[in-house]
file target.cif (mmCIF, C-alpha atoms)
data_final
#
loop_
_atom_site.label_atom_id
_atom_site.label_comp_id
_atom_site.auth_asym_id
_atom_site.auth_seq_id
_atom_site.Cartn_x
_atom_site.Cartn_y
_atom_site.Cartn_z
CA MET A 327 -5.47 20.46 -23.09
CA ASP A 328 -4.17 16.98 -22.42
CA ALA A 329 -7.34 15.08 -21.54
CA LYS A 330 -5.28 12.25 -20.02
CA LYS A 331 -4.36 14.51 -17.11
CA VAL A 332 -7.91 14.67 -15.79
CA PRO A 333 -7.91 13.24 -12.22
CA ASP A 334 -8.99 9.61 -12.06
CA ILE A 335 -11.64 10.45 -9.46
CA ILE A 336 -13.41 12.54 -12.11
CA ILE A 337 -13.11 9.78 -14.70
CA GLY A 338 -14.73 7.45 -12.17
CA ARG A 339 -17.82 9.67 -12.00
CA LEU A 340 -18.35 9.95 -15.76
CA PRO A 341 -19.82 6.43 -16.19
CA VAL A 342 -22.32 7.24 -13.44
CA TYR A 343 -23.33 10.47 -15.21
CA LEU A 344 -23.65 8.49 -18.44
CA ARG A 345 -25.85 5.84 -16.83
CA THR A 346 -28.07 8.53 -15.36
CA LEU A 347 -28.35 10.51 -18.60
CA ARG A 348 -29.41 7.34 -20.41
CA HIS A 349 -32.00 6.69 -17.75
CA LEU A 350 -33.37 10.24 -18.25
CA LYS A 351 -33.36 9.75 -22.03
CA GLU A 352 -35.30 6.47 -21.73
CA GLN A 353 -37.88 8.37 -19.70
CA GLY A 354 -38.29 10.78 -22.61
CA ALA A 355 -36.27 13.76 -21.35
CA HIS A 356 -34.30 15.90 -23.82
CA THR A 357 -32.47 18.31 -21.55
CA THR A 358 -31.27 18.25 -17.98
CA SER A 359 -29.40 20.46 -15.53
CA SER A 360 -26.50 19.92 -13.16
CA LEU A 361 -29.06 20.37 -10.38
CA GLU A 362 -31.30 17.57 -11.64
CA LEU A 363 -28.28 15.30 -12.22
CA SER A 364 -27.05 16.16 -8.75
CA ARG A 365 -30.23 14.85 -7.17
CA LEU A 366 -29.96 11.63 -9.18
CA VAL A 367 -26.29 10.80 -8.60
CA ASP A 368 -25.47 12.22 -5.19
CA VAL A 369 -22.70 14.53 -6.42
CA SER A 370 -23.06 18.30 -5.96
CA ALA A 371 -24.23 20.34 -8.95
CA ALA A 372 -21.07 22.44 -8.75
CA GLN A 373 -18.91 19.31 -8.85
CA ILE A 374 -20.82 17.96 -11.86
CA ARG A 375 -20.33 21.23 -13.74
CA LYS A 376 -16.64 21.23 -12.84
CA ASP A 377 -16.20 17.58 -13.85
CA LEU A 378 -17.83 18.07 -17.24
CA SER A 379 -16.04 21.36 -17.91
CA GLN A 380 -12.76 19.39 -17.95
CA PHE A 381 -13.77 18.15 -21.39
CA GLY A 382 -15.33 21.24 -22.96
CA GLU A 383 -18.43 23.37 -22.84
CA PHE A 384 -21.43 21.07 -22.80
CA GLY A 385 -24.10 23.10 -21.08
CA LYS A 386 -25.59 26.53 -21.55
CA GLN A 387 -26.46 28.82 -18.68
CA GLY A 388 -30.22 28.74 -18.34
CA THR A 389 -30.96 25.94 -20.81
CA GLY A 390 -28.84 23.19 -19.25
CA TYR A 391 -27.43 20.14 -20.98
CA ASN A 392 -28.72 18.51 -24.14
CA ILE A 393 -28.98 14.89 -23.01
CA ALA A 394 -28.35 13.17 -26.36
CA PHE A 395 -25.35 15.38 -27.05
CA LEU A 396 -23.85 14.85 -23.60
CA ILE A 397 -24.34 11.06 -23.86
CA GLU A 398 -22.54 11.12 -27.20
CA LYS A 399 -19.65 13.14 -25.77
CA LEU A 400 -19.32 10.85 -22.74
CA LEU A 401 -19.26 7.75 -24.96
CA GLU A 402 -16.48 9.41 -26.92
CA ILE A 403 -14.50 10.48 -23.84
CA LEU A 404 -14.81 7.03 -22.24
CA ASN A 405 -13.86 5.25 -25.48
CA ILE A 406 -17.07 3.27 -25.60
CA GLU A 407 -18.48 4.37 -28.94
CA ARG A 408 -17.25 0.93 -29.94
CA VAL A 409 -18.07 -2.42 -28.30
CA TRP A 410 -15.17 -4.01 -26.39
CA ASP A 411 -14.80 -7.75 -26.26
CA VAL A 412 -14.23 -8.98 -22.73
CA ALA A 413 -12.80 -12.29 -21.49
CA LEU A 414 -14.50 -13.70 -18.40
CA ILE A 415 -12.22 -15.83 -16.25
CA GLY A 416 -14.01 -18.15 -13.83
CA ALA A 417 -17.38 -19.81 -14.43
CA GLY A 418 -18.54 -19.98 -10.81
CA ASP A 419 -21.44 -18.05 -9.25
CA VAL A 420 -20.01 -14.61 -9.96
CA GLY A 421 -19.02 -15.65 -13.48
CA HIS A 422 -22.55 -16.86 -14.16
CA ALA A 423 -24.02 -13.67 -12.72
CA LEU A 424 -21.81 -11.56 -14.98
CA ALA A 425 -22.55 -13.70 -18.03
CA HIS A 426 -26.26 -13.08 -17.49
CA TYR A 427 -25.93 -9.46 -16.38
CA GLN A 428 -28.32 -7.19 -18.28
CA GLY A 429 -26.42 -4.03 -17.37
CA PHE A 430 -23.82 -4.61 -20.08
CA VAL A 431 -26.39 -4.04 -22.82
CA ASN A 432 -25.39 -0.80 -24.58
CA SER A 433 -22.65 -0.22 -22.03
CA GLY A 434 -19.88 -0.83 -24.58
CA PHE A 435 -18.97 -4.39 -23.55
CA ARG A 436 -19.68 -7.91 -24.69
CA ILE A 437 -18.40 -11.01 -22.95
CA SER A 438 -16.99 -12.99 -25.86
CA MET A 439 -15.18 -15.83 -24.11
CA ILE A 440 -15.36 -17.63 -20.75
CA PHE A 441 -12.56 -19.73 -19.22
CA ASP A 442 -12.36 -22.10 -16.28
CA ASN A 443 -9.90 -24.78 -15.22
CA ASP A 444 -12.55 -27.10 -13.73
CA PRO A 445 -13.10 -30.12 -16.04
CA VAL A 446 -16.75 -30.19 -14.94
CA LYS A 447 -17.29 -26.64 -16.15
CA ILE A 448 -15.27 -26.80 -19.37
CA LYS A 449 -17.59 -27.07 -22.41
CA GLN A 450 -20.58 -26.09 -20.26
CA GLN A 451 -22.88 -23.69 -22.07
CA ILE A 452 -23.48 -20.28 -20.42
CA GLY A 453 -25.88 -18.27 -22.52
CA LEU A 454 -24.45 -18.38 -26.04
CA LEU A 455 -20.91 -19.21 -24.94
CA SER A 456 -19.18 -22.47 -24.18
CA VAL A 457 -16.72 -22.45 -21.27
CA GLN A 458 -13.17 -22.91 -22.57
CA ASP A 459 -10.23 -24.67 -20.95
CA ALA A 460 -8.15 -22.16 -18.96
CA SER A 461 -4.98 -23.91 -20.08
CA ARG A 462 -5.52 -22.35 -23.53
CA MET A 463 -6.41 -18.92 -22.12
CA VAL A 464 -3.19 -17.05 -22.97
CA GLU A 465 -3.15 -18.29 -26.54
CA VAL A 466 -6.87 -17.70 -27.23
CA ILE A 467 -6.98 -14.22 -25.67
CA ARG A 468 -3.82 -13.14 -27.42
CA SER A 469 -4.92 -14.30 -30.84
CA ALA A 470 -8.29 -12.58 -30.40
CA GLY A 471 -6.53 -9.36 -29.38
CA ILE A 472 -8.74 -8.94 -26.30
CA LYS A 473 -7.62 -6.21 -23.88
CA ILE A 474 -10.19 -6.45 -21.07
CA ALA A 475 -10.82 -9.28 -18.60
CA MET A 476 -13.17 -9.88 -15.68
CA LEU A 477 -11.55 -12.03 -13.03
CA THR A 478 -13.81 -14.15 -10.83
CA VAL A 479 -11.45 -16.90 -9.67
CA PRO A 480 -10.78 -17.75 -5.99
CA ALA A 481 -8.36 -15.42 -4.17
CA SER A 482 -5.75 -18.19 -3.97
CA ALA A 483 -5.51 -18.39 -7.78
CA ALA A 484 -6.05 -14.74 -8.62
CA GLN A 485 -2.43 -13.53 -8.86
CA GLU A 486 -1.29 -16.49 -10.94
CA VAL A 487 -4.18 -16.04 -13.38
CA THR A 488 -3.51 -12.29 -13.49
CA ASP A 489 0.11 -12.90 -14.50
CA LYS A 490 -1.16 -15.05 -17.38
CA LEU A 491 -3.69 -12.40 -18.41
CA VAL A 492 -0.93 -9.81 -18.57
CA GLU A 493 1.13 -12.27 -20.64
CA ALA A 494 -1.88 -12.61 -22.95
CA GLY A 495 -1.94 -8.87 -23.57
CA ILE A 496 -4.79 -7.89 -21.22
CA THR A 497 -4.43 -4.27 -20.06
CA ALA A 498 -7.61 -3.77 -18.01
CA ILE A 499 -8.90 -6.15 -15.34
CA LEU A 500 -12.15 -5.95 -13.39
CA ASN A 501 -11.16 -7.93 -10.30
CA TYR A 502 -13.80 -9.75 -8.24
CA SER A 503 -11.26 -11.72 -6.17
CA PRO A 504 -10.91 -10.29 -2.65
CA ILE A 505 -7.18 -9.57 -2.95
CA SER A 506 -5.15 -6.71 -4.37
CA LEU A 507 -3.39 -7.78 -7.55
CA ASN A 508 0.15 -6.89 -8.60
CA VAL A 509 0.38 -5.84 -12.23
CA PRO A 510 3.02 -4.06 -14.31
CA GLN A 511 2.62 -0.38 -15.06
CA GLY A 512 0.19 0.21 -17.90
CA VAL A 513 -2.22 -2.49 -16.72
CA GLN A 514 -5.29 -1.15 -14.96
CA ILE A 515 -7.26 -2.80 -12.21
CA GLN A 516 -10.68 -1.97 -10.85
CA ASN A 517 -11.63 -3.96 -7.77
CA ILE A 518 -15.16 -5.05 -7.00
CA ASP A 519 -15.29 -6.29 -3.43
CA PRO A 520 -18.64 -6.23 -1.62
CA ALA A 521 -16.91 -6.37 1.78
CA VAL A 522 -15.04 -3.16 0.95
CA GLY A 523 -18.30 -1.50 -0.12
CA LEU A 524 -20.01 -2.54 3.11
CA GLN A 525 -17.11 -1.53 5.36
CA ARG A 526 -17.08 1.90 3.80
CA MET A 527 -20.67 2.35 4.98
CA THR A 528 -20.34 0.92 8.50
CA TYR A 529 -17.92 3.73 9.24
CA TYR A 530 -20.95 5.99 9.26
CA LEU A 531 -23.29 3.64 11.13
CA VAL A 532 -23.56 4.26 14.82
CA MET B 655 -10.86 15.86 16.38
CA ASP B 656 -14.21 14.94 14.92
CA ALA B 657 -13.46 11.68 13.08
CA LYS B 658 -16.70 12.02 11.15
CA LYS B 659 -15.23 14.88 9.17
CA VAL B 660 -12.62 12.69 7.47
CA PRO B 661 -13.21 12.89 3.69
CA ASP B 662 -15.22 9.96 2.33
CA ILE B 663 -12.53 9.24 -0.26
CA ILE B 664 -10.16 8.39 2.61
CA ILE B 665 -12.77 6.21 4.31
CA GLY B 666 -13.12 4.35 1.02
CA ARG B 667 -9.45 3.41 1.07
CA LEU B 668 -9.37 2.09 4.66
CA PRO B 669 -11.10 -1.24 3.85
CA VAL B 670 -8.51 -1.83 1.13
CA TYR B 671 -5.67 -1.17 3.59
CA LEU B 672 -7.36 -3.52 6.05
CA ARG B 673 -7.72 -6.29 3.47
CA THR B 674 -4.06 -5.91 2.53
CA LEU B 675 -2.82 -5.88 6.13
CA ARG B 676 -4.76 -9.09 6.79
CA HIS B 677 -3.19 -10.64 3.73
CA LEU B 678 0.28 -9.70 5.02
CA LYS B 679 -0.57 -11.07 8.46
CA GLU B 680 -1.73 -14.37 6.97
CA GLN B 681 1.61 -14.60 5.24
CA GLY B 682 3.32 -14.29 8.62
CA ALA B 683 4.41 -10.65 8.55
CA HIS B 684 4.40 -8.60 11.79
CA THR B 685 5.32 -5.12 10.56
CA THR B 686 4.96 -3.23 7.33
CA SER B 687 5.73 0.19 5.91
CA SER B 688 3.77 2.73 3.91
CA LEU B 689 6.14 1.89 1.05
CA GLU B 690 5.31 -1.82 1.13
CA LEU B 691 1.58 -1.09 1.45
CA SER B 692 1.87 1.35 -1.41
CA ARG B 693 3.15 -1.37 -3.73
CA LEU B 694 0.30 -3.66 -2.70
CA VAL B 695 -2.63 -1.26 -2.97
CA ASP B 696 -1.62 1.19 -5.69
CA VAL B 697 -1.88 4.29 -3.50
CA SER B 698 1.24 6.41 -2.92
CA ALA B 699 3.15 5.89 0.34
CA ALA B 700 2.69 9.58 1.21
CA GLN B 701 -1.07 9.27 0.70
CA ILE B 702 -1.24 6.16 2.89
CA ARG B 703 0.65 7.95 5.69
CA LYS B 704 -1.63 10.96 5.33
CA ASP B 705 -4.79 8.81 5.31
CA LEU B 706 -3.81 6.90 8.46
CA SER B 707 -2.61 10.01 10.27
CA GLN B 708 -6.21 11.29 10.21
CA PHE B 709 -6.94 8.80 12.98
CA GLY B 710 -3.84 9.01 15.14
CA GLU B 711 -0.18 8.03 15.19
CA PHE B 712 0.03 4.41 14.09
CA GLY B 713 3.54 4.09 12.69
CA LYS B 714 7.00 4.91 13.89
CA GLN B 715 9.65 6.46 11.68
CA GLY B 716 12.09 3.69 10.81
CA THR B 717 10.15 0.76 12.26
CA GLY B 718 6.92 1.18 10.30
CA TYR B 719 3.49 -0.11 11.25
CA ASN B 720 2.71 -2.98 13.61
CA ILE B 721 0.29 -4.99 11.46
CA ALA B 722 -1.83 -6.53 14.24
CA PHE B 723 -2.23 -3.16 15.95
CA LEU B 724 -3.13 -1.36 12.73
CA ILE B 725 -5.70 -4.05 11.84
CA GLU B 726 -7.28 -3.64 15.27
CA LYS B 727 -7.44 0.14 14.88
CA LEU B 728 -8.96 -0.10 11.41
CA LEU B 729 -11.62 -2.54 12.64
CA GLU B 730 -12.45 -0.05 15.36
CA ILE B 731 -12.52 2.96 12.99
CA LEU B 732 -14.70 1.13 10.45
CA ASN B 733 -17.10 -0.16 13.14
CA ILE B 734 -16.50 -3.78 12.24
CA GLU B 735 -15.18 -5.14 15.52
CA ARG B 736 -18.69 -6.57 15.68
CA VAL B 737 -20.47 -8.70 13.06
CA TRP B 738 -23.29 -6.93 11.20
CA ASP B 739 -26.33 -8.86 10.04
CA VAL B 740 -27.17 -8.16 6.41
CA ALA B 741 -30.41 -8.72 4.50
CA LEU B 742 -29.95 -9.94 0.93
CA ILE B 743 -32.74 -8.89 -1.41
CA GLY B 744 -33.00 -10.92 -4.61
CA ALA B 745 -32.13 -14.61 -4.97
CA GLY B 746 -31.02 -14.54 -8.61
CA ASP B 747 -27.48 -15.11 -9.94
CA VAL B 748 -25.94 -12.18 -8.08
CA GLY B 749 -27.82 -13.07 -4.91
CA HIS B 750 -26.52 -16.63 -5.08
CA ALA B 751 -22.99 -15.42 -5.73
CA LEU B 752 -23.15 -13.14 -2.68
CA ALA B 753 -24.69 -15.86 -0.50
CA HIS B 754 -21.74 -18.10 -1.34
CA TYR B 755 -19.08 -15.38 -1.31
CA GLN B 756 -16.09 -16.37 0.83
CA GLY B 757 -14.80 -12.80 1.10
CA PHE B 758 -17.30 -11.97 3.87
CA VAL B 759 -15.58 -14.33 6.31
CA ASN B 760 -14.00 -12.15 9.00
CA SER B 761 -15.04 -9.02 7.11
CA GLY B 762 -17.62 -8.05 9.73
CA PHE B 763 -20.75 -9.17 7.87
CA ARG B 764 -23.08 -12.15 7.83
CA ILE B 765 -26.01 -12.55 5.48
CA SER B 766 -28.78 -13.51 7.86
CA MET B 767 -31.85 -13.35 5.63
CA ILE B 768 -32.65 -13.60 1.93
CA PHE B 769 -35.83 -12.34 0.25
CA ASP B 770 -37.35 -12.77 -3.19
CA ASN B 771 -40.82 -12.24 -4.65
CA ASP B 772 -40.63 -15.17 -7.07
CA PRO B 773 -42.83 -18.05 -5.81
CA VAL B 774 -40.36 -20.52 -7.36
CA LYS B 775 -37.51 -19.13 -5.26
CA ILE B 776 -39.37 -18.63 -1.98
CA LYS B 777 -38.48 -21.41 0.48
CA GLN B 778 -35.51 -22.45 -1.67
CA GLN B 779 -32.46 -23.23 0.43
CA ILE B 780 -29.30 -21.17 -0.25
CA GLY B 781 -26.51 -22.36 1.99
CA LEU B 782 -27.98 -22.36 5.49
CA LEU B 783 -30.76 -19.90 4.69
CA SER B 784 -34.23 -20.34 3.28
CA VAL B 785 -35.44 -17.65 0.84
CA GLN B 786 -38.26 -15.66 2.44
CA ASP B 787 -41.28 -14.05 0.81
CA ALA B 788 -40.49 -10.43 -0.09
CA SER B 789 -44.02 -9.44 0.91
CA ARG B 790 -42.94 -9.90 4.53
CA MET B 791 -39.62 -8.09 4.07
CA VAL B 792 -40.43 -4.80 5.84
CA GLU B 793 -41.84 -6.54 8.88
CA VAL B 794 -39.06 -9.16 9.20
CA ILE B 795 -36.18 -6.72 8.70
CA ARG B 796 -37.66 -4.20 11.10
CA SER B 797 -38.25 -6.70 13.87
CA ALA B 798 -34.72 -8.09 13.48
CA GLY B 799 -33.33 -4.54 13.67
CA ILE B 800 -31.18 -5.05 10.56
CA LYS B 801 -29.55 -1.89 9.19
CA ILE B 802 -27.67 -3.14 6.11
CA ALA B 803 -29.06 -4.59 2.88
CA MET B 804 -27.60 -5.86 -0.37
CA LEU B 805 -29.90 -5.19 -3.29
CA THR B 806 -29.73 -7.52 -6.29
CA VAL B 807 -33.16 -7.08 -7.86
CA PRO B 808 -33.75 -6.02 -11.50
CA ALA B 809 -33.33 -2.31 -12.24
CA SER B 810 -37.07 -1.95 -12.87
CA ALA B 811 -37.89 -2.98 -9.28
CA ALA B 812 -34.91 -1.44 -7.50
CA GLN B 813 -36.40 1.93 -6.46
CA GLU B 814 -39.63 0.41 -5.18
CA VAL B 815 -37.74 -2.18 -3.11
CA THR B 816 -35.39 0.53 -1.85
CA ASP B 817 -38.33 2.58 -0.58
CA LYS B 818 -39.48 -0.48 1.36
CA LEU B 819 -36.00 -1.09 2.77
CA VAL B 820 -35.90 2.49 4.03
CA GLU B 821 -39.34 1.97 5.57
CA ALA B 822 -37.94 -1.17 7.28
CA GLY B 823 -35.18 0.87 8.92
CA ILE B 824 -32.29 -0.01 6.57
CA THR B 825 -29.65 2.77 6.55
CA ALA B 826 -26.94 1.27 4.32
CA ILE B 827 -27.53 -0.35 0.92
CA LEU B 828 -25.02 -2.09 -1.30
CA ASN B 829 -26.73 -1.67 -4.66
CA TYR B 830 -26.09 -4.12 -7.49
CA SER B 831 -28.92 -2.81 -9.67
CA PRO B 832 -27.63 -0.70 -12.55
CA ILE B 833 -29.53 2.43 -11.57
CA SER B 834 -28.91 5.26 -9.12
CA LEU B 835 -31.29 5.04 -6.18
CA ASN B 836 -33.06 7.91 -4.45
CA VAL B 837 -32.91 7.68 -0.68
CA PRO B 838 -33.57 10.12 2.16
CA GLN B 839 -30.65 11.80 3.88
CA GLY B 840 -29.04 9.51 6.41
CA VAL B 841 -29.32 6.43 4.19
CA GLN B 842 -26.08 5.45 2.50
CA ILE B 843 -25.67 3.78 -0.84
CA GLN B 844 -22.64 2.11 -2.38
CA ASN B 845 -23.11 1.10 -5.99
CA ILE B 846 -21.53 -1.97 -7.50
CA ASP B 847 -21.89 -1.79 -11.26
CA PRO B 848 -19.44 -3.75 -13.40
CA ALA B 849 -20.21 -1.58 -16.45
CA VAL B 850 -19.12 1.51 -14.50
CA GLY B 851 -15.89 -0.25 -13.44
CA LEU B 852 -15.13 -1.22 -17.02
CA GLN B 853 -15.96 2.20 -18.48
CA ARG B 854 -13.61 3.84 -16.03
CA MET B 855 -10.78 1.75 -17.48
CA THR B 856 -11.59 2.13 -21.18
CA TYR B 857 -10.96 5.85 -20.78
CA TYR B 858 -7.28 4.93 -20.53
CA LEU B 859 -7.27 2.31 -23.30
CA VAL B 860 -6.07 3.54 -26.65
#

call {"tool": "encode", "arguments": {"input": "target.cif", "output": "structure tokens"}}
result
Amino acid sequence: MDAKKVPDIIIGRLPVYLRTLRHLKEQGAHTTSSLELSRLVDVSAAQIRKDLSQFGEFGKQGTGYNIAFLIEKLLEILNIERVWDVALIGAGDVGHALAHYQGFVNSGFRISMIFDNDPVKIKQQIGLLSVQDASRMVEVIRSAGIKIAMLTVPASAAQEVTDKLVEAGITAILNYSPISLNVPQGVQIQNIDPAVGLQRMTYYLV
Amino acid sequence: MDAKKVPDIIIGRLPVYLRTLRHLKEQGAHTTSSLELSRLVDVSAAQIRKDLSQFGEFGKQGTGYNIAFLIEKLLEILNIERVWDVALIGAGDVGHALAHYQGFVNSGFRISMIFDNDPVKIKQQIGLLSVQDASRMVEVIRSAGIKIAMLTVPASAAQEVTDKLVEAGITAILNYSPISLNVPQGVQIQNIDPAVGLQRMTYYLV
């Protein structure tokens, strides 16, 4: 089976399953069922079983899923058995929030450099990191071999900065700027836009 | 046709189309095509045509979509012809970032109250708003008739605060806490978790 052919919509649910399994493990649970997971993640039990079955046989009829084993398999499938270094671009409010975000702990990511083009922010200390001059971004990211960036610059600058990130060898961008970015094939984008999240819900509000 | 039966995955793409159409309009464009949109939003042209056709006939073969008309229809479909008041819970880094976020302008939302339980933060001014005591949250939200909340409290407090939001009459929550929330049927949740966004991309990184 070519695992890379699994629909992206399924891949998008795996991190949520992982987060939930870890939560159950922290609470002392050893096994779980698609039914229990279903109640915790708002995906049907049948869908969860189908999603996981794309990658092998993880559960047993009657006894359910071994939580530690399933966590291990999901880490492996999602390529986060390792820790990925991430470049954070933009040291404004969102940048600060991400730099202090506790949710990255054990998630497979570590912000290892922060860039901004504002002279006031350059050399500022955020946590353990010092904000670096964005004019050196391409060079520094490339020589560190970093593949993942989080983009928190204003919309007006976002495409220009993205072009530089691609030049620097970045192949995955978590985009907080409220515009859709153009990138060459092979570069992935995930957009985080609170307005989009809210608008998706108002559809259902009467 | 019962519009409410449109699959949620399609609803989730409409705000992205809307954002892109507005971007085109700002740049002075009057018409667009599913092909042009496709390049801008990374959804196939056929899928875009199929998504929009769920709601009526918006484009003409050969002449494409009238941008102003399509924007108007999408605002109507998504229930954002009006401006929704939003309660922001948590005045930490993420709360500040959201309070200052420019992407809400014209998106259909206005943060109209901010709550925190930290005595140091209560009465602090964030933009035009003063942080209110979370102990009065249920009462204040309910009497204002607010239906939408953005939740930026620590994971350990998120479920407890969510229960109170539901009690206050909130029916849509944009959740920034890195846990899955339990809510009664009829209450919607959209989760914004950067770790989930990143993990979805590392699947494809070799």

call {"tool": "resolve_selection", "arguments": {"input": "target.cif", "expression": "the PyMOL selection byres ((chain A) within 7 of (chain B))", "output": "PyMOL selection string"}}
result
chain A and resi 337-338+341-342+366-367+403-405+419-420+422-423+429-430+433+498+500+504+506+508+514+516+521-529

call {"tool": "closest_residue", "arguments": {"input": "target.cif", "among": "A:Ala372, A:Ile393, A:Ile452, A:Ile467", "to": "Ala417 in chain A", "atoms": "all atoms listed in the file"}}
result
A:Ile452

call {"tool": "atom_distance", "arguments": {"input": "target.cif", "atom1": "CA of Pro838 in chain B", "atom2": "CA of Val369 in chain A"}}
result
14.5 Å

call {"tool": "resolve_selection", "arguments": {"input": "target.cif", "expression": "the PyMOL selection byres ((chain A and resi 388-391) around 6)", "output": "list in words"}}
result
Thr357, Thr358, Ser359, Gly385, Lys386, Gln387, Asn392 and Ile393 of chain A

call {"tool": "write_last_selection", "arguments": {"input": "target.cif", "atoms": "C-alpha atoms", "output": "PDB file, in the frame of the given file"}}
result
ATOM      1  CA  THR A 357     -32.470  18.310 -21.550  1.00  0.00           C
ATOM      2  CA  THR A 358     -31.270  18.250 -17.980  1.00  0.00           C
ATOM      3  CA  SER A 359     -29.400  20.460 -15.530  1.00  0.00           C
ATOM      4  CA  GLY A 385     -24.100  23.100 -21.080  1.00  0.00           C
ATOM      5  CA  LYS A 386     -25.590  26.530 -21.550  1.00  0.00           C
ATOM      6  CA  GLN A 387     -26.460  28.820 -18.680  1.00  0.00           C
ATOM      7  CA  ASN A 392     -28.720  18.510 -24.140  1.00  0.00           C
ATOM      8  CA  ILE A 393     -28.980  14.890 -23.010  1.00  0.00           C
TER       9      ILE A 393
END

call {"tool": "residues_around", "arguments": {"input": "target.cif", "residues": "Asp442 in chain A", "least_positions_apart": "4", "cutoff": "7 Å", "atoms": "all atoms listed in the file", "output": "VMD selection string"}}
result
chain A and resid 415 to 417 447 to 448 457 to 460

call {"tool": "residues_near_point", "arguments": {"input": "target.cif", "point": "(4.7, 0.6, -3.1)", "cutoff": "6 Å", "atoms": "all atoms listed in the file", "output": "NGL selection string"}}
result
:B and (689-693)

call {"tool": "atom_distance", "arguments": {"input": "target.cif", "atom1": "CA of Met791 in chain B", "atom2": "CA of Gln353 in chain A"}}
result
29.0 Å

call {"tool": "axis_aligned_box", "arguments": {"input": "target.cif", "around": "range 483-489 of chain A", "padding_each_side": "3 Å", "output": "JSON"}}
result
{"center_x": -3.0, "center_y": -15.3, "center_z": -11.1, "size_x": 12.2, "size_y": 12.1, "size_z": 12.7}

call {"tool": "atom_distance", "arguments": {"input": "target.cif", "atom1": "CA of Ala470 in chain A", "atom2": "CA of Ile496 in chain A"}}
result
10.9 Å

call {"tool": "decode", "arguments": {"input": "target.cif", "residues": "range 832-836 of chain B", "atoms": "all heavy atoms", "output": "PDB file, in the first residue's frame"}}
result
ATOM      1  N   PRO B 832      -5.350  23.672  23.527  1.00  0.00           N
ATOM      2  CA  PRO B 832      -4.976  22.429  22.843  1.00  0.00           C
ATOM      3  C   PRO B 832      -5.639  21.182  23.416  1.00  0.00           C
ATOM      4  O   PRO B 832      -4.977  20.183  23.665  1.00  0.00           O
ATOM      5  CB  PRO B 832      -3.443  22.398  22.991  1.00  0.00           C
ATOM      6  CG  PRO B 832      -3.165  23.170  24.228  1.00  0.00           C
ATOM      7  CD  PRO B 832      -4.257  24.196  24.360  1.00  0.00           C
ATOM      8  N   ILE B 833      -6.944  21.238  23.640  1.00  0.00           N
ATOM      9  CA  ILE B 833      -7.688  20.030  24.002  1.00  0.00           C
ATOM     10  C   ILE B 833      -9.019  20.033  23.255  1.00  0.00           C
ATOM     11  O   ILE B 833      -9.496  21.073  22.826  1.00  0.00           O
ATOM     12  CB  ILE B 833      -7.962  19.906  25.531  1.00  0.00           C
ATOM     13  CG1 ILE B 833      -8.946  20.977  26.013  1.00  0.00           C
ATOM     14  CG2 ILE B 833      -6.692  19.971  26.332  1.00  0.00           C
ATOM     15  CD1 ILE B 833      -9.610  20.597  27.326  1.00  0.00           C
ATOM     16  N   SER B 834      -9.593  18.847  23.090  1.00  0.00           N
ATOM     17  CA  SER B 834     -10.910  18.733  22.481  1.00  0.00           C
ATOM     18  C   SER B 834     -11.954  18.957  23.563  1.00  0.00           C
ATOM     19  O   SER B 834     -11.889  18.358  24.632  1.00  0.00           O
ATOM     20  CB  SER B 834     -11.081  17.343  21.846  1.00  0.00           C
ATOM     21  OG  SER B 834     -10.167  17.176  20.787  1.00  0.00           O
ATOM     22  N   LEU B 835     -12.910  19.812  23.283  1.00  0.00           N
ATOM     23  CA  LEU B 835     -13.923  20.186  24.268  1.00  0.00           C
ATOM     24  C   LEU B 835     -15.185  19.361  24.109  1.00  0.00           C
ATOM     25  O   LEU B 835     -15.576  19.022  22.992  1.00  0.00           O
ATOM     26  CB  LEU B 835     -14.279  21.671  24.089  1.00  0.00           C
ATOM     27  CG  LEU B 835     -13.121  22.664  24.224  1.00  0.00           C
ATOM     28  CD1 LEU B 835     -13.576  24.059  23.816  1.00  0.00           C
ATOM     29  CD2 LEU B 835     -12.588  22.671  25.650  1.00  0.00           C
ATOM     30  N   ASN B 836     -15.816  19.045  25.233  1.00  0.00           N
ATOM     31  CA  ASN B 836     -17.122  18.386  25.196  1.00  0.00           C
ATOM     32  C   ASN B 836     -18.218  19.426  25.315  1.00  0.00           C
ATOM     33  O   ASN B 836     -18.244  20.184  26.276  1.00  0.00           O
ATOM     34  CB  ASN B 836     -17.259  17.405  26.368  1.00  0.00           C
ATOM     35  CG  ASN B 836     -16.317  16.249  26.227  1.00  0.00           C
ATOM     36  OD1 ASN B 836     -16.193  15.678  25.137  1.00  0.00           O
ATOM     37  ND2 ASN B 836     -15.625  15.909  27.304  1.00  0.00           N
TER      38      ASN B 836
END
